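*Asks:* Below you'll find the structure I mean.
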2 protein chains.
Amino acid sequence: MEAKTKAPGQLLEPQTIIAGLLQESPICGERRAYQPPLCPSLQGLGATRPLDGAELEVLKVAREQLPFVSQNKLLEVVPAQGRPLWDGPRNIGVVLSGGPAPGGHNVIAGLFEAAKRAHPENRVLGFLAGPKGIITNKHVEVTGEMVARYKNSGGFHMLGTGREKIDTPQKMEQCRQTCAVQKLSGLVVVGGDDSNTNSAFLAENMRDLGVQVVGIPKTIDGDLQVPGLCQIPFGYHSACLAFATEIGNLNSDCKSDLKYWHFNRLMGRSASHIALEVAFQTHPNVILIGEEIEERELTIHNVVRLIADVVVARANLGKNYGTILIPEGILEFIHEINALIIKISHIIAVYNREAHEEEFFHKLTFEDQVQLIDNNDIWRDYDSRVFLGLPPELQRGLLLPRDSHGNFQYSLVNTERILLGMVATYLRKQRSKGIYKGAFRTQNHFYGYDGRGTFPTKFDCDYTYNLGQAAFSLLANGATGYMAAIRDLHLPLEEWRPIGIPLAPLMHLEERTARLELVIQKQKVDLGSPAFKILERERQKWAMEDDYRFPGPIQFHGASAEDKPITLMLNALGGRSDPEGGSQGSRAR
Amino acid sequence: MEAKTKAPGQLLEPQTIIAGLLQESPICGERRAYQPPLCPSLQGLGATRPLDGAELEVLKVAREQLPFVSQNKLLEVVPAQGRPLWDGPRNIGVVLSGGPAPGGHNVIAGLFEAAKRAHPENRVLGFLAGPKGIITNKHVEVTGEMVARYKNSGGFHMLGTGREKIDTPQKMEQCRQTCAVQKLSGLVVVGGDDSNTNSAFLAENMRDLGVQVVGIPKTIDGDLQVPGLCQIPFGYHSACLAFATEIGNLNSDCKSDLKYWHFNRLMGRSASHIALEVAFQTHPNVILIGEEIEERELTIHNVVRLIADVVVARANLGKNYGTILIPEGILEFIHEINALIIKISHIIAVYNREAHEEEFFHKLTFEDQVQLIDNNDIWRDYDSRVFLGLPPELQRGLLLPRDSHGNFQYSLVNTERILLGMVATYLRKQRSKGIYKGAFRTQNHFYGYDGRGTFPTKFDCDYTYNLGQAAFSLLANGATGYMAAIRDLHLPLEEWRPIGIPLAPLMHLEERTARLELVIQKQKVDLGSPAFKILERERQKWAMEDDYRFPGPIQFHGASAEDKPITLMLNALGGRSDPEGGSQGSRAR
């Protein structure tokens, strides 16, 4: 050959080059170098004052179970005006709870940097592997070096997370002991609805120890909202954009290859917030919204028909490809299926409560399980008929073990594959009648865990850093039994308003493991919201035309780095930032 | 409330804001604005000259079937020195073939802009939906507006793609007619090994019409390489990074949530190039390399054991989580399984050749299929024993219909789920012996189509734009029966060297649909390469420590935007850019 190959970076030794290629990606260092800005109210650490306006109602049962914290009023964090914060150095605990959500590390960074700014001897203790870390007093002291290392990174691996529920007097006592031993003045719980329920009870029960508790609204599912006060929990935006990257790529692929229908199930528990946001980010051909299916009382066969009709109509245009979004909780919104789920959950819970461990329901054979259900008094002939009309995979799915809270585990059921199979069966009939002449080739996907672990978007980086700082301000000003939040997220950061939302008014009664429990109410997609109304208007076009949107990979520079959730922006147009206004009146008061 | 909500961007009407949110993502405009640079040899359109050095050997059967193009010698594109290019305006066809790969639109952009620079009346015709578009003369004229719209975007949807093989005299005649009617002087075929095989035969058969044919090395699978000449096909880098984003996110998630083993199957046909690159990008706990499994003659039970041993060892450290990469073609490298696949493929092909359509093998019941195989002469008792020892899902997988080329369709078999099930079975036995005490909770994933559709990385944008320009230079200088390539991709773009590789020496004989066919040989992972040697050295650490790497989403600004494939960079250290050097001597000559 005329020219010998040159090694890359000729001045470096090969071993140096190899070492460089095995190091962390350069993006990690770049993200660490980003310092999220603070909104004006938090720049001086902030004082608190009552927020005038609507009274939040509290259920009688909540007032009884949470007599102290149920008296809390809405608080606003305002620029400090010489008012003293905590006197002297304090210890603050922080725990990450439930599924990971992008931005958790910045909550800790915000909390830590606010604490150190307030008093250099303030300490932050991070409990390990979730609430179990409080119970067993497993923790590390958060240091500046740790904060610098994890700032703006994804995941919860700085401390790890877990799902332990503090639901017995014994566990509560262990938490009290840990907080006493560690001389904590405050505890910050980063979590979703169940974790913030924990926060309320911890606040109530540790009042006498002088331990204040503040929660942080986290969940990629987007269902921890407080109308007008907390527009969206953190992590939602990043996870949605990670999923949207993947769906956008599938849009591109199916329009290129012209031969696949992609059935995509998206994580997000029961509510369809994630599917809604991903729909606006990607403009798929079909999008199912659970809350709409419930409202319109669609059966599962109606849903199958709804998908199949688009497949047939597109085939008539010569388009045998497309993308379909299916929220993982869709089954809960199909009345006939949900009735089965509720009854089966109840039967399982009662059976397991009375059974020895080796006799647990999920250890029975499928046939024995069906017989047990069939013999139960709450199971009617109609239920049997519906059950027997379902595909075997769905029948088995409905009997799967419930989670530790007694919840049906939607993510374990391959709803996208089940629907795909039912659509294929329906299309075969349409083909035999000569109505459908297309080719129905499919791929099915489930997007969930990878989105939970993504790098947080710039929006989530800023949001969580401010949340951590707001949590410190609330604690330092004496608040307990609150959830920190930021109002007006749709406005520029300079206009963000940190607040403290009392936890008690957010709670309602819900059946869990066959018992009514006081828990924070999840928010579903509001069919009266601007976002849903605009979806209704646009989706017919998305179905037939290839109006695909390609959001691309999450960027940290350029115009798309300034992205915020599209649903957040649309709903803000409808004045939903006002707790009295808007159409969302469905919360139990 | 004390303050009324302000609408975002207060000076805009709500309808304007909504319209903005429904428009394309800002990233699309930003990517379109990027103009890939040209390497020096292409800046003046380029002349060609023979590239001194190694002779490429051509098989006798290739010389017989391709008597004209098998005489081609290696060409180098050098800065034009007054040598005349094509005289007068010409028409050039372009076709996208096979699965989409990020960067295809930039091949067209490069070709178009080179053509227009050479002569403003040069025209580029894009055939629609793959090679079928040539056969049926379905095309659009590529315009400057189209090129501007699609530049640097993902997918192949500017023209669509397809897998039609030009494998009969009749189809070849139709192609000849189309090219004659359109008065084409050149045709650029963008595709993988099968498509470039097409190119060679088209070049041979359209010589008398004066139609020159040049191929472009495309495939995310990374297996269309020519040692020392074509280090990697385009699309590989982008797809690997898209997958690496997802696996990196799972690293983050599993290390946070501390409870899942993620089994990930990665697209990439038989070779393990994608898995290897993704491994360097993410440092997973287990990575299977098909070529190594073949070399070490591992059985499927050995592979299961290999995974389970890491699970057990990590459980002993209290780590019940991790990530595992499984190339989709792994089964081909397990001797006992591959023997079954080859025999079954042969039996199916022979059966289908003799059968009427309604009797095709895949229309038989599973039991009849098994019986048919069992009764075949080439099926031995040993084969039956191996087959019956496999899990039912794998048995069914091995009988799935073959593709139109007679290839076993690895992507249809859920290898990750099958291995997961076998590992779980093995671990249950280890648990009963008291050897394994961990919790084995799992998630399985298949990443493929979403990576094919991703936005191309900056590397792939530049590479493909230069490939398109190189293809024009080769055509304009009279070349036909070549594949355009760029040497020294590991060096800065200023040192890239565009070349023309003769197609005939790349071909070998391969069994397809029970016949030996002359096709371009796929390149597998070279176990003697620096990249594999370094993997061998590093993977023990990756298995036990959590040395996870987080490559994050693909960036178009900042240091990580300058990323190139890590395997490319590592292999360049070993002098593999020299076709005579290096350890890869396995190509049939």
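The chains in the structure tokens are called A, B, ... from first to last as shown; in each chain the residues are counted from 1, and the ligands are counted from 1 in the order shown.
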What's around Thr480 (chain B) at 10 Å? Count only C-alpha atoms, leave out sequence neighbours fewer than 6 positions away in its own chain, and write the answer as a PyMOL selection string.
*Replies:* chain B and resi 68-69+72+186-188+199-200+202-204+206-207+210-215+474+500+502-503
*Asks:* Restricting it to N, CA and C atoms, dump the selection as a short mmCIF file (atom, residue, chain, number, x, y, z; two decimals), in the first residue's frame.
*Replies:*
data_model
loop_
_atom_site.label_atom_id
_atom_site.label_comp_id
_atom_site.auth_asym_id
_atom_site.auth_seq_id
_atom_site.Cartn_x
_atom_site.Cartn_y
_atom_site.Cartn_z
N PHE B 68 -16.84 -9.10 -16.98
CA PHE B 68 -16.41 -7.71 -17.21
C PHE B 68 -15.99 -7.04 -15.91
N VAL B 69 -16.89 -7.00 -14.94
CA VAL B 69 -16.56 -6.21 -13.73
C VAL B 69 -15.52 -6.91 -12.87
N ASN B 72 -12.03 -5.30 -12.66
CA ASN B 72 -11.79 -4.00 -12.00
C ASN B 72 -10.62 -4.06 -11.02
N GLY B 186 -25.67 6.59 -14.89
CA GLY B 186 -25.16 5.97 -13.67
C GLY B 186 -26.29 5.59 -12.74
N LEU B 187 -25.99 4.62 -11.88
CA LEU B 187 -26.96 4.18 -10.87
C LEU B 187 -26.21 3.95 -9.58
N VAL B 188 -26.70 4.53 -8.50
CA VAL B 188 -26.07 4.34 -7.20
C VAL B 188 -27.01 3.50 -6.33
N SER B 199 -25.71 -4.81 -7.17
CA SER B 199 -24.94 -3.80 -7.91
C SER B 199 -23.98 -4.44 -8.89
N ALA B 200 -23.30 -5.49 -8.42
CA ALA B 200 -22.32 -6.15 -9.29
C ALA B 200 -22.99 -6.72 -10.53
N LEU B 202 -25.95 -5.88 -11.77
CA LEU B 202 -26.48 -4.78 -12.59
C LEU B 202 -25.37 -4.16 -13.43
N ALA B 203 -24.21 -3.95 -12.83
CA ALA B 203 -23.08 -3.35 -13.54
C ALA B 203 -22.69 -4.23 -14.73
N GLU B 204 -22.62 -5.54 -14.46
CA GLU B 204 -22.24 -6.48 -15.52
C GLU B 204 -23.26 -6.44 -16.66
N MET B 206 -25.60 -4.17 -17.44
CA MET B 206 -26.01 -2.92 -18.09
C MET B 206 -24.83 -2.22 -18.75
N ARG B 207 -23.72 -2.97 -18.84
CA ARG B 207 -22.52 -2.41 -19.45
C ARG B 207 -22.79 -1.96 -20.87
N GLY B 210 -24.31 1.36 -21.40
CA GLY B 210 -23.55 2.52 -20.91
C GLY B 210 -24.02 2.99 -19.55
N VAL B 211 -24.68 2.10 -18.80
CA VAL B 211 -25.11 2.47 -17.44
C VAL B 211 -24.09 1.94 -16.44
N GLN B 212 -23.46 2.86 -15.74
CA GLN B 212 -22.47 2.47 -14.71
C GLN B 212 -23.17 2.32 -13.36
N VAL B 213 -22.70 1.36 -12.57
CA VAL B 213 -23.33 1.11 -11.28
C VAL B 213 -22.29 1.16 -10.16
N VAL B 214 -22.58 1.92 -9.14
CA VAL B 214 -21.71 2.00 -7.96
C VAL B 214 -22.55 1.76 -6.70
N GLY B 215 -22.07 0.91 -5.81
CA GLY B 215 -22.76 0.63 -4.55
C GLY B 215 -22.22 1.46 -3.41
N LEU B 474 -16.61 8.53 -8.79
CA LEU B 474 -16.33 7.25 -9.44
C LEU B 474 -17.09 7.13 -10.75
N GLY B 500 -12.58 3.46 -4.58
CA GLY B 500 -13.56 2.58 -5.22
C GLY B 500 -13.08 1.15 -5.06
N PRO B 502 -13.47 -2.74 -6.02
CA PRO B 502 -14.15 -3.62 -6.98
C PRO B 502 -15.05 -4.60 -6.24
N LEU B 503 -16.24 -4.82 -6.77
CA LEU B 503 -17.20 -5.68 -6.06
C LEU B 503 -16.88 -7.17 -6.20
#
*Asks:* Near Phe472 (chain A), within 7 Å and counting only C-alpha atoms, which residues show up once chain neighbours fewer than 6 positions away are dropped, as a ChimeraX atom specification?
*Replies:* /A:111,114-115
*Asks:* Take the selection from the previous step and output its residues with N, CA and C atoms, as a PDB file, in the first residue's frame.
*Replies:*
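selection06.pdb, freshly written:
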ATOM      1  N   LEU A 111     -30.817  20.504  47.658  1.00  0.00           N
ATOM      2  CA  LEU A 111     -30.943  20.452  49.114  1.00  0.00           C
ATOM      3  C   LEU A 111     -29.593  20.688  49.788  1.00  0.00           C
ATOM      4  N   ALA A 114     -28.239  24.320  49.245  1.00  0.00           N
ATOM      5  CA  ALA A 114     -28.996  25.273  50.069  1.00  0.00           C
ATOM      6  C   ALA A 114     -28.587  25.137  51.532  1.00  0.00           C
ATOM      7  N   ALA A 115     -28.463  23.882  51.984  1.00  0.00           N
ATOM      8  CA  ALA A 115     -28.108  23.645  53.399  1.00  0.00           C
ATOM      9  C   ALA A 115     -26.742  24.222  53.723  1.00  0.00           C
TER      10      ALA A 115
END
*Asks:* With chain B as the partner and 7 Å as the cut-off, tabulate the residues of chain A that qualify, each row holding the nearest pair of atoms and their distance in Å to one decimal, using only C-alpha atoms, sorted by chain and rising number, as a Markdown table.
*Replies:*
| residue | atom | partner | partner_atom | distance |
| --- | --- | --- | --- | --- |
| A:Met1 | CA | B:Gly53 | CA | 4.3 |
| A:Glu2 | CA | B:Asp52 | CA | 6.3 |
| A:Thr5 | CA | B:Ser577 | CA | 6.0 |
| A:Ala7 | CA | B:Leu573 | CA | 5.6 |
| A:Pro8 | CA | B:Leu491 | CA | 5.6 |
| A:Pro14 | CA | B:Leu573 | CA | 6.7 |
| A:Ile18 | CA | B:Leu570 | CA | 6.8 |
| A:Leu21 | CA | B:Ile566 | CA | 6.6 |
| A:Glu24 | CA | B:Arg549 | CA | 5.7 |
| A:Ser25 | CA | B:Pro551 | CA | 5.3 |
| A:Pro26 | CA | B:Ser560 | CA | 5.4 |
| A:Ile27 | CA | B:Ser560 | CA | 5.6 |
| A:Asp52 | CA | B:Met1 | CA | 6.0 |
| A:Gly53 | CA | B:Met1 | CA | 4.3 |
| A:Ala54 | CA | B:Met1 | CA | 6.9 |
| A:Gly99 | CA | B:Asp257 | CA | 6.6 |
| A:Pro100 | CA | B:Ser256 | CA | 6.5 |
| A:Gly154 | CA | B:Ser252 | CA | 6.8 |
| A:Gly155 | CA | B:Ser252 | CA | 5.1 |
| A:Phe156 | CA | B:Ser256 | CA | 4.6 |
| A:His157 | CA | B:Ser256 | CA | 4.1 |
| A:Gly160 | CA | B:Ser256 | CA | 4.4 |
| A:Thr161 | CA | B:Asp257 | CA | 5.4 |
| A:Gly162 | CA | B:Asp257 | CA | 6.4 |
| A:Glu246 | CA | B:Asp450 | CA | 5.4 |
| A:Asn249 | CA | B:Gly453 | CA | 4.3 |
| A:Leu250 | CA | B:Asp450 | CA | 5.0 |
| A:Ser252 | CA | B:Gly155 | CA | 5.1 |
| A:Asp253 | CA | B:Gly453 | CA | 4.6 |
| A:Lys255 | CA | B:His157 | CA | 5.6 |
| A:Ser256 | CA | B:His157 | CA | 4.1 |
| A:Asp257 | CA | B:Thr161 | CA | 5.4 |
| A:Tyr449 | CA | B:Leu250 | CA | 6.4 |
| A:Asp450 | CA | B:Asn249 | CA | 4.9 |
| A:Gly451 | CA | B:Asn249 | CA | 6.9 |
| A:Arg452 | CA | B:Asp253 | CA | 6.5 |
| A:Gly453 | CA | B:Asn249 | CA | 4.3 |
| A:Thr454 | CA | B:Asn249 | CA | 4.9 |
| A:Phe455 | CA | B:Gly552 | CA | 6.4 |
| A:His490 | CA | B:Pro8 | CA | 6.4 |
| A:Leu491 | CA | B:Pro8 | CA | 5.6 |
| A:Arg549 | CA | B:Glu24 | CA | 5.7 |
| A:Phe550 | CA | B:Ser25 | CA | 6.5 |
| A:Pro551 | CA | B:Ser25 | CA | 5.3 |
| A:Gly552 | CA | B:Phe455 | CA | 6.4 |
| A:Pro553 | CA | B:Pro553 | CA | 5.4 |
| A:Ile554 | CA | B:Pro553 | CA | 5.8 |
| A:Gln555 | CA | B:Gln555 | CA | 6.1 |
| A:His557 | CA | B:His557 | CA | 6.5 |
| A:Ala559 | CA | B:Pro26 | CA | 6.0 |
| A:Ser560 | CA | B:Pro26 | CA | 5.4 |
| A:Ile566 | CA | B:Leu21 | CA | 6.6 |
| A:Leu570 | CA | B:Ile18 | CA | 6.8 |
| A:Ala572 | CA | B:Ala7 | CA | 6.5 |
| A:Leu573 | CA | B:Ala7 | CA | 5.7 |
| A:Gly575 | CA | B:Thr5 | CA | 6.2 |
| A:Ser577 | CA | B:Thr5 | CA | 6.0 |
| A:Asp578 | CA | B:Thr5 | CA | 6.5 |
*Asks:* For those residues, write C-alpha atoms to a file as a short mmCIF file (atom, residue, chain, number, x, y, z; two decimals), in the first residue's frame.
*Replies:*
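Printed below is part_6.cif as written:
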data_model
loop_
_atom_site.label_atom_id
_atom_site.label_comp_id
_atom_site.auth_asym_id
_atom_site.auth_seq_id
_atom_site.Cartn_x
_atom_site.Cartn_y
_atom_site.Cartn_z
CA MET A 1 0.00 0.00 0.00
CA GLU A 2 1.21 3.49 -0.76
CA THR A 5 -1.89 3.71 8.43
CA ALA A 7 -2.69 5.89 14.54
CA PRO A 8 -5.33 8.36 15.75
CA PRO A 14 -1.71 3.43 22.15
CA ILE A 18 -7.21 2.88 24.78
CA LEU A 21 -11.79 5.13 24.98
CA GLU A 24 -16.67 7.68 30.84
CA SER A 25 -18.37 9.37 27.91
CA PRO A 26 -17.44 13.06 27.52
CA ILE A 27 -21.12 13.91 27.97
CA ASP A 52 -53.66 33.65 50.06
CA GLY A 53 -56.48 32.12 48.15
CA ALA A 54 -58.40 28.91 48.04
CA GLY A 99 -39.01 3.87 40.81
CA PRO A 100 -36.08 5.97 39.62
CA GLY A 154 -29.80 10.25 35.54
CA GLY A 155 -30.90 7.47 37.85
CA PHE A 156 -31.06 7.23 41.63
CA HIS A 157 -27.80 5.36 42.06
CA GLY A 160 -30.29 3.66 45.46
CA THR A 161 -34.03 3.40 45.94
CA GLY A 162 -36.68 0.97 47.17
CA GLU A 246 -37.74 5.89 20.40
CA ASN A 249 -37.34 6.73 15.44
CA LEU A 250 -40.02 4.11 14.79
CA SER A 252 -38.97 7.23 10.71
CA ASP A 253 -38.36 3.51 10.35
CA LYS A 255 -42.26 5.32 6.90
CA SER A 256 -38.98 4.19 5.31
CA ASP A 257 -39.48 0.45 5.36
CA TYR A 449 -37.17 1.11 32.26
CA ASP A 450 -34.84 2.76 29.77
CA GLY A 451 -36.79 6.02 30.06
CA ARG A 452 -36.62 5.96 33.85
CA GLY A 453 -32.83 5.84 33.66
CA THR A 454 -32.24 8.58 31.08
CA PHE A 455 -30.19 11.73 31.66
CA HIS A 490 -44.62 26.94 31.94
CA LEU A 491 -43.19 30.44 32.46
CA ARG A 549 -42.96 14.32 14.37
CA PHE A 550 -39.30 13.44 15.02
CA PRO A 551 -38.19 14.87 18.37
CA GLY A 552 -34.76 13.22 18.06
CA PRO A 553 -32.45 12.42 20.96
CA ILE A 554 -32.59 14.70 24.03
CA GLN A 555 -30.25 17.65 23.46
CA HIS A 557 -27.54 22.58 23.56
CA ALA A 559 -33.25 25.26 20.64
CA SER A 560 -34.64 21.82 21.51
CA ILE A 566 -46.00 20.05 25.41
CA LEU A 570 -51.00 23.49 26.24
CA ALA A 572 -51.25 26.42 30.80
CA LEU A 573 -53.11 28.15 27.98
CA GLY A 575 -55.45 28.84 32.84
CA SER A 577 -52.32 27.11 36.92
CA ASP A 578 -55.15 28.60 38.97
#
*Asks:* Ranking A:Ile337, A:Ala271, A:Leu317, A:Gly144 by minimum distance to Glu297 (chain A) and counting only C-alpha atoms, which one comes first?
*Replies:*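 The shortest atom-to-atom distance to Glu297 (chain A) comes from A:Ile337.
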*Asks:* Find the spatial neighbours of region 177-183 of chain A, counting only C-alpha atoms, within a cut-off of 7 Å - ignore same-chain residues fewer than 5 positions away - and output them as a list in words.
*Replies:*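 Within the cut-off, the hits are Asn91, Ile134, Ile135 and Asn137 of chain A.
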*Asks:* Export N, CA and C atoms of the chosen residues as a PDB file, in the first residue's frame?
*Replies:*
ATOM      1  N   ASN A  91     -29.018  18.660  61.026  1.00  0.00           N
ATOM      2  CA  ASN A  91     -28.863  17.471  60.184  1.00  0.00           C
ATOM      3  C   ASN A  91     -30.166  17.219  59.434  1.00  0.00           C
ATOM      4  N   ILE A 134     -34.060   4.135  56.103  1.00  0.00           N
ATOM      5  CA  ILE A 134     -34.420   4.866  57.335  1.00  0.00           C
ATOM      6  C   ILE A 134     -34.703   3.844  58.434  1.00  0.00           C
ATOM      7  N   ILE A 135     -35.493   2.832  58.093  1.00  0.00           N
ATOM      8  CA  ILE A 135     -35.880   1.816  59.085  1.00  0.00           C
ATOM      9  C   ILE A 135     -34.648   1.163  59.708  1.00  0.00           C
ATOM     10  N   ASN A 137     -31.508   2.379  59.457  1.00  0.00           N
ATOM     11  CA  ASN A 137     -30.431   3.357  59.671  1.00  0.00           C
ATOM     12  C   ASN A 137     -29.197   3.069  58.829  1.00  0.00           C
TER      13      ASN A 137
END
*Asks:* Can you tell me, as a list in words, what residues are no more than 8 Å from Tyr351 (chain B) when counting only C-alpha atoms, ignoring any on the same chain fewer than 4 positions away?
*Replies:*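 Residues near the query, excluding close chain neighbours: Ile347, Ala355, Phe360 and Phe361 of chain B.
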*Asks:* Between A:Ala479, A:Gly397, A:Leu516, A:Asn338, which one has atoms that come closest to Lys73 (chain A), using only C-alpha atoms?
*Replies:* A:Ala479
*Asks:* Pick out the residues sitting within 12 Å of region 387-390 of chain B, and hand them over as a PyMOL selection string; count only C-alpha atoms, and ignore anything fewer than 3 positions along from it in its own chain.
*Replies:* chain B and resi 299-301+336-341+343-344+370+373-374+379-384+393-399+418-419+421-422
*Asks:* Tell me which of A:Lys319, A:Arg176, A:His335, A:Lys522 sits closest to Leu209 (chain A), counting only C-alpha atoms.
*Replies:*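 Closest to Leu209 (chain A) of all the choices is A:Arg176.
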*Asks:* When distances are computed from only C-alpha atoms, which of B:Lys363, B:Glu145, B:Leu59, B:Asn196 shows the smallest separation from Ile501 (chain B)?
*Replies:*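 Of B:Lys363, B:Glu145, B:Leu59, B:Asn196, the one nearest Ile501 (chain B), counting only C-alpha atoms, is B:Asn196.
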*Asks:* With only C-alpha atoms as the basis for distance, which of A:Phe532, A:Ala484, A:His273, A:Val311 is at the shortest distance from Ala470 (chain A)?
*Replies:*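 Using only C-alpha atoms, Ala470 (chain A) sits closest to A:Ala484.
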*Asks:* Which residue out of A:Leu74, A:Val350, A:Val519, A:Val286 has the minimum interatomic distance to Tyr321 (chain A) when only C-alpha atoms are used?
*Replies:*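 Counting only C-alpha atoms, the residue closest to Tyr321 (chain A) is A:Val286.
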